[in-house]
Amino acid sequence: MQNRRQMLQRSAALAGALAGLGLLPRAAQAAWNSAAFEAKNMSDLVKALGVSAPTASKDVSITGPDIAENGAVVPVGCASSLAGVKQLLILVEKNPNMLAAVFEPGDSVEPSFNTRVKMGQSSNVFAVAITADNKVLFAQKEIKVTLGGCGG
Amino acid sequence: MADPMRIRAQAAGDKVTVRVLMSHEMETGQRKDSSGKVIPAWFIQEVTAAHNGKTVMTAHWGPSVAKNPFLQFVVKGGKAGDKITINWVDNRGDKRTDEATVS
């Protein structure tokens, strides 16, 4: 009879082996850009996405609290007033991996998304919009975190 | 199988605001358990939304999206009675699809 602890350990070991070995689930989803999600800074990220360096723009906006009490749940929104936005990205500068989310709106969805992210510490948060004609624009906002959410 | 999502889709004019609350651990792969071993990452990688069966939005997420993720977006040209379908896939290959009717 297995107890709960053994079960948990075994499934953890299995998941670890899978992740280390064949990148099984990732291979199944070619669209998920693992290089981009592993990027530690803006230049790595830009390289992984294959786009030019972003420029600041007032056509992109990021919304969020000035101070987040709990870094595990920080509501942020990104939006763009431009037409033809291909991708909208949310980046958290000081997280272990910068990229939090990529949204790809179709023609009938407005380039405006709200979600919640985790933040390890106070940091700048960026919204990056990539348009169909390969312009890369960003907006940033500093969010102060009083309790980190990537806890160790 | 994971718990169902909670989806609310409300029409205002010709726009439909969709709010989704998914039920998922969203483990980062950064945390350690009490014996000091790293808890492997477990998070939603891909979310797709369909409006009356046609895919309108795709999102790729990393592990830094918060636990039990919330997502809000706006679909243009929708009306009450339309169907919104949300589908996610996590990094272990688990899937979940739920549907809601626009009100």
# chains A, B, ... in the order shown; residues from 1 in each chain; ligands from 1
>>> select_by_dssp(residues="chain B", states="strand (DSSP E)", output="number ranges by chain")
B: 6-12, 15-21, 44-51, 54-61, 70-76, 83-90, 95-101
>>> write_last_selection(atoms="N, CA and C atoms", output="compact mmCIF listing (two decimals), in the first residue's frame")
# COMPACT_ATOMS: atom_id res chain seq x y z
N ARG B 6 -14.29 28.78 -14.42
CA ARG B 6 -15.48 29.63 -14.30
C ARG B 6 -15.37 30.70 -15.37
N ILE B 7 -16.33 30.73 -16.25
CA ILE B 7 -16.29 31.65 -17.38
C ILE B 7 -17.53 32.54 -17.32
N ARG B 8 -17.31 33.84 -17.42
CA ARG B 8 -18.43 34.78 -17.54
C ARG B 8 -18.23 35.60 -18.79
N ALA B 9 -19.22 35.63 -19.63
CA ALA B 9 -19.14 36.42 -20.85
C ALA B 9 -20.36 37.33 -20.90
N GLN B 10 -20.10 38.62 -20.92
CA GLN B 10 -21.20 39.58 -20.90
C GLN B 10 -21.13 40.48 -22.11
N ALA B 11 -22.25 40.63 -22.78
CA ALA B 11 -22.30 41.48 -23.96
C ALA B 11 -22.63 42.91 -23.55
N ALA B 12 -21.94 43.87 -24.17
CA ALA B 12 -22.26 45.29 -24.00
C ALA B 12 -22.11 45.91 -25.37
N LYS B 15 -19.71 44.35 -28.17
CA LYS B 15 -18.51 43.77 -27.58
C LYS B 15 -18.88 42.81 -26.46
N VAL B 16 -18.10 41.76 -26.35
CA VAL B 16 -18.33 40.78 -25.30
C VAL B 16 -17.10 40.73 -24.41
N THR B 17 -17.29 41.03 -23.14
CA THR B 17 -16.18 40.92 -22.19
C THR B 17 -16.20 39.52 -21.59
N VAL B 18 -15.09 38.84 -21.73
CA VAL B 18 -15.00 37.47 -21.23
C VAL B 18 -14.05 37.45 -20.05
N ARG B 19 -14.51 36.89 -18.96
CA ARG B 19 -13.65 36.73 -17.78
C ARG B 19 -13.56 35.24 -17.47
N VAL B 20 -12.35 34.78 -17.30
CA VAL B 20 -12.14 33.35 -17.05
C VAL B 20 -11.33 33.18 -15.78
N LEU B 21 -11.76 32.27 -14.94
CA LEU B 21 -10.98 31.90 -13.77
C LEU B 21 -10.70 30.41 -13.89
N ILE B 44 0.08 26.20 -16.70
CA ILE B 44 -0.64 26.24 -17.97
C ILE B 44 0.25 26.90 -19.01
N GLN B 45 0.43 26.23 -20.14
CA GLN B 45 1.30 26.77 -21.18
C GLN B 45 0.52 27.49 -22.26
N GLU B 46 -0.62 26.96 -22.57
CA GLU B 46 -1.32 27.51 -23.72
C GLU B 46 -2.81 27.62 -23.42
N VAL B 47 -3.36 28.77 -23.75
CA VAL B 47 -4.79 28.99 -23.59
C VAL B 47 -5.33 29.43 -24.94
N THR B 48 -6.41 28.82 -25.36
CA THR B 48 -7.05 29.31 -26.59
C THR B 48 -8.51 29.60 -26.30
N ALA B 49 -9.01 30.61 -26.99
CA ALA B 49 -10.41 30.98 -26.84
C ALA B 49 -11.07 30.92 -28.21
N ALA B 50 -12.27 30.38 -28.23
CA ALA B 50 -13.01 30.30 -29.48
C ALA B 50 -14.37 30.96 -29.30
N HIS B 51 -14.81 31.64 -30.35
CA HIS B 51 -16.09 32.33 -30.36
C HIS B 51 -16.94 31.65 -31.42
N LYS B 54 -14.88 29.39 -33.66
CA LYS B 54 -13.75 29.92 -34.40
C LYS B 54 -12.73 30.48 -33.40
N THR B 55 -11.47 30.05 -33.52
CA THR B 55 -10.46 30.50 -32.58
C THR B 55 -10.20 31.99 -32.76
N VAL B 56 -10.28 32.73 -31.66
CA VAL B 56 -10.10 34.18 -31.75
C VAL B 56 -8.87 34.66 -30.99
N MET B 57 -8.34 33.84 -30.10
CA MET B 57 -7.24 34.32 -29.26
C MET B 57 -6.43 33.13 -28.79
N THR B 58 -5.10 33.31 -28.78
CA THR B 58 -4.22 32.30 -28.22
C THR B 58 -3.31 32.99 -27.22
N ALA B 59 -3.03 32.35 -26.13
CA ALA B 59 -2.07 32.91 -25.18
C ALA B 59 -1.08 31.82 -24.80
N HIS B 60 0.19 32.24 -24.67
CA HIS B 60 1.22 31.33 -24.15
C HIS B 60 1.65 31.88 -22.82
N TRP B 61 1.66 31.05 -21.82
CA TRP B 61 1.98 31.50 -20.48
C TRP B 61 3.23 30.84 -19.96
N PHE B 70 -6.40 34.16 -13.74
CA PHE B 70 -7.52 34.97 -14.19
C PHE B 70 -7.16 35.56 -15.53
N LEU B 71 -8.12 35.61 -16.42
CA LEU B 71 -7.89 36.19 -17.74
C LEU B 71 -9.13 36.95 -18.17
N GLN B 72 -8.90 38.17 -18.66
CA GLN B 72 -10.03 38.95 -19.18
C GLN B 72 -9.66 39.47 -20.56
N PHE B 73 -10.58 39.33 -21.49
CA PHE B 73 -10.36 39.89 -22.82
C PHE B 73 -11.70 40.26 -23.43
N VAL B 74 -11.65 40.99 -24.55
CA VAL B 74 -12.86 41.52 -25.17
C VAL B 74 -12.95 41.01 -26.60
N VAL B 75 -14.08 40.41 -26.92
CA VAL B 75 -14.33 39.93 -28.28
C VAL B 75 -15.24 40.93 -28.98
N LYS B 76 -14.82 41.35 -30.18
CA LYS B 76 -15.63 42.29 -30.95
C LYS B 76 -16.65 41.53 -31.77
N LYS B 83 -21.52 31.42 -28.20
CA LYS B 83 -20.78 30.48 -27.36
C LYS B 83 -19.31 30.90 -27.28
N ILE B 84 -18.78 30.90 -26.09
CA ILE B 84 -17.35 31.15 -25.89
C ILE B 84 -16.76 29.86 -25.32
N THR B 85 -15.73 29.36 -25.97
CA THR B 85 -15.09 28.14 -25.51
C THR B 85 -13.64 28.47 -25.12
N ILE B 86 -13.24 28.04 -23.96
CA ILE B 86 -11.87 28.25 -23.50
C ILE B 86 -11.22 26.89 -23.31
N ASN B 87 -9.98 26.80 -23.76
CA ASN B 87 -9.27 25.53 -23.70
C ASN B 87 -7.86 25.80 -23.20
N TRP B 88 -7.38 25.03 -22.25
CA TRP B 88 -5.98 25.18 -21.85
C TRP B 88 -5.24 23.85 -21.86
N VAL B 89 -3.91 23.95 -21.99
CA VAL B 89 -3.03 22.79 -21.95
C VAL B 89 -1.90 23.14 -21.01
N ASP B 90 -1.56 22.26 -20.07
CA ASP B 90 -0.44 22.59 -19.19
C ASP B 90 0.81 21.83 -19.61
N LYS B 95 -5.29 18.73 -20.11
CA LYS B 95 -6.12 19.65 -20.89
C LYS B 95 -7.43 19.88 -20.16
N ARG B 96 -8.05 20.98 -20.52
CA ARG B 96 -9.39 21.23 -19.99
C ARG B 96 -10.11 22.17 -20.97
N THR B 97 -11.33 21.87 -21.28
CA THR B 97 -12.11 22.73 -22.16
C THR B 97 -13.44 23.02 -21.48
N ASP B 98 -13.83 24.27 -21.47
CA ASP B 98 -15.14 24.65 -20.93
C ASP B 98 -15.79 25.66 -21.84
N GLU B 99 -17.12 25.66 -21.79
CA GLU B 99 -17.88 26.53 -22.68
C GLU B 99 -18.85 27.38 -21.87
N ALA B 100 -19.10 28.58 -22.34
CA ALA B 100 -20.08 29.44 -21.69
C ALA B 100 -20.89 30.15 -22.76
N THR B 101 -22.07 30.57 -22.37
CA THR B 101 -22.95 31.30 -23.29
C THR B 101 -22.91 32.77 -22.92
>>> closest_atom_pairs(of="chain A", to="chain B", cutoff="6 Å", atoms="only C-alpha atoms", output="CSV")
residue,atom,partner,partner_atom,distance
A:Pro25,CA,B:Gly93,CA,5.6
A:Val73,CA,B:Ala66,CA,5.6
A:Ala100,CA,B:Gly62,CA,5.1
A:Ala101,CA,B:Trp61,CA,4.4
A:Val102,CA,B:His60,CA,5.0
A:Phe103,CA,B:Ala59,CA,4.2
A:Glu104,CA,B:Thr58,CA,5.0
A:Pro105,CA,B:Met57,CA,4.6
A:Gly106,CA,B:Val56,CA,4.8
A:Ser108,CA,B:Lys76,CA,5.1
A:Val109,CA,B:Val75,CA,4.5
A:Glu110,CA,B:Val74,CA,5.6
A:Phe113,CA,B:Phe73,CA,5.0
A:Asn114,CA,B:Gln72,CA,4.9
A:Thr115,CA,B:Leu71,CA,4.6
A:Arg116,CA,B:Ala66,CA,5.4
A:Val117,CA,B:Val65,CA,4.2
A:Lys118,CA,B:Ala66,CA,5.0
A:Gly152,CA,B:Arg31,CA,4.9
>>> residues_around(residues="Pro65 of chain A", least_positions_apart="5", cutoff="12 Å", atoms="only C-alpha atoms", output="VMD selection string")
chain A and resid 70 to 71 73 to 77 116 to 117 122 124 to 125 141 to 145
>>> atom_distance(atom1="atom CA of Leu88 of chain A", atom2="atom CA of Ser112 of chain A")
8.3 Å
>>> residues_around(residues="Val128 of chain A", least_positions_apart="2", cutoff="8 Å", atoms="only C-alpha atoms", output="list of chain:residue names")
A:Pro54, A:Val60, A:Leu88, A:Leu89, A:Ile90, A:Leu91, A:Phe126, A:Ile130, A:Val136, A:Leu137, A:Phe138, A:Ala139
>>> atom_distance(atom1="atom CA of Asp107 of chain A", atom2="atom CA of Gly81 of chain B")
20.6 Å
>>> atom_distance(atom1="atom CA of Glu25 of chain B", atom2="atom CA of Val102 of chain B")
27.5 Å
>>> residues_around(residues="segment 30-44 of chain A", least_positions_apart="4", cutoff="7 Å", atoms="only C-alpha atoms", output="count of residues only")
9
>>> closest_residue(among="A:Ser123, A:Val46, A:Cys78, A:Lys94", to="Asp59 of chain A", atoms="only C-alpha atoms")
A:Cys78
>>> residues_around(residues="Ala132 of chain A", least_positions_apart="6", cutoff="7 Å", atoms="only C-alpha atoms", output="PyMOL selection string")
chain A and resi 84-86
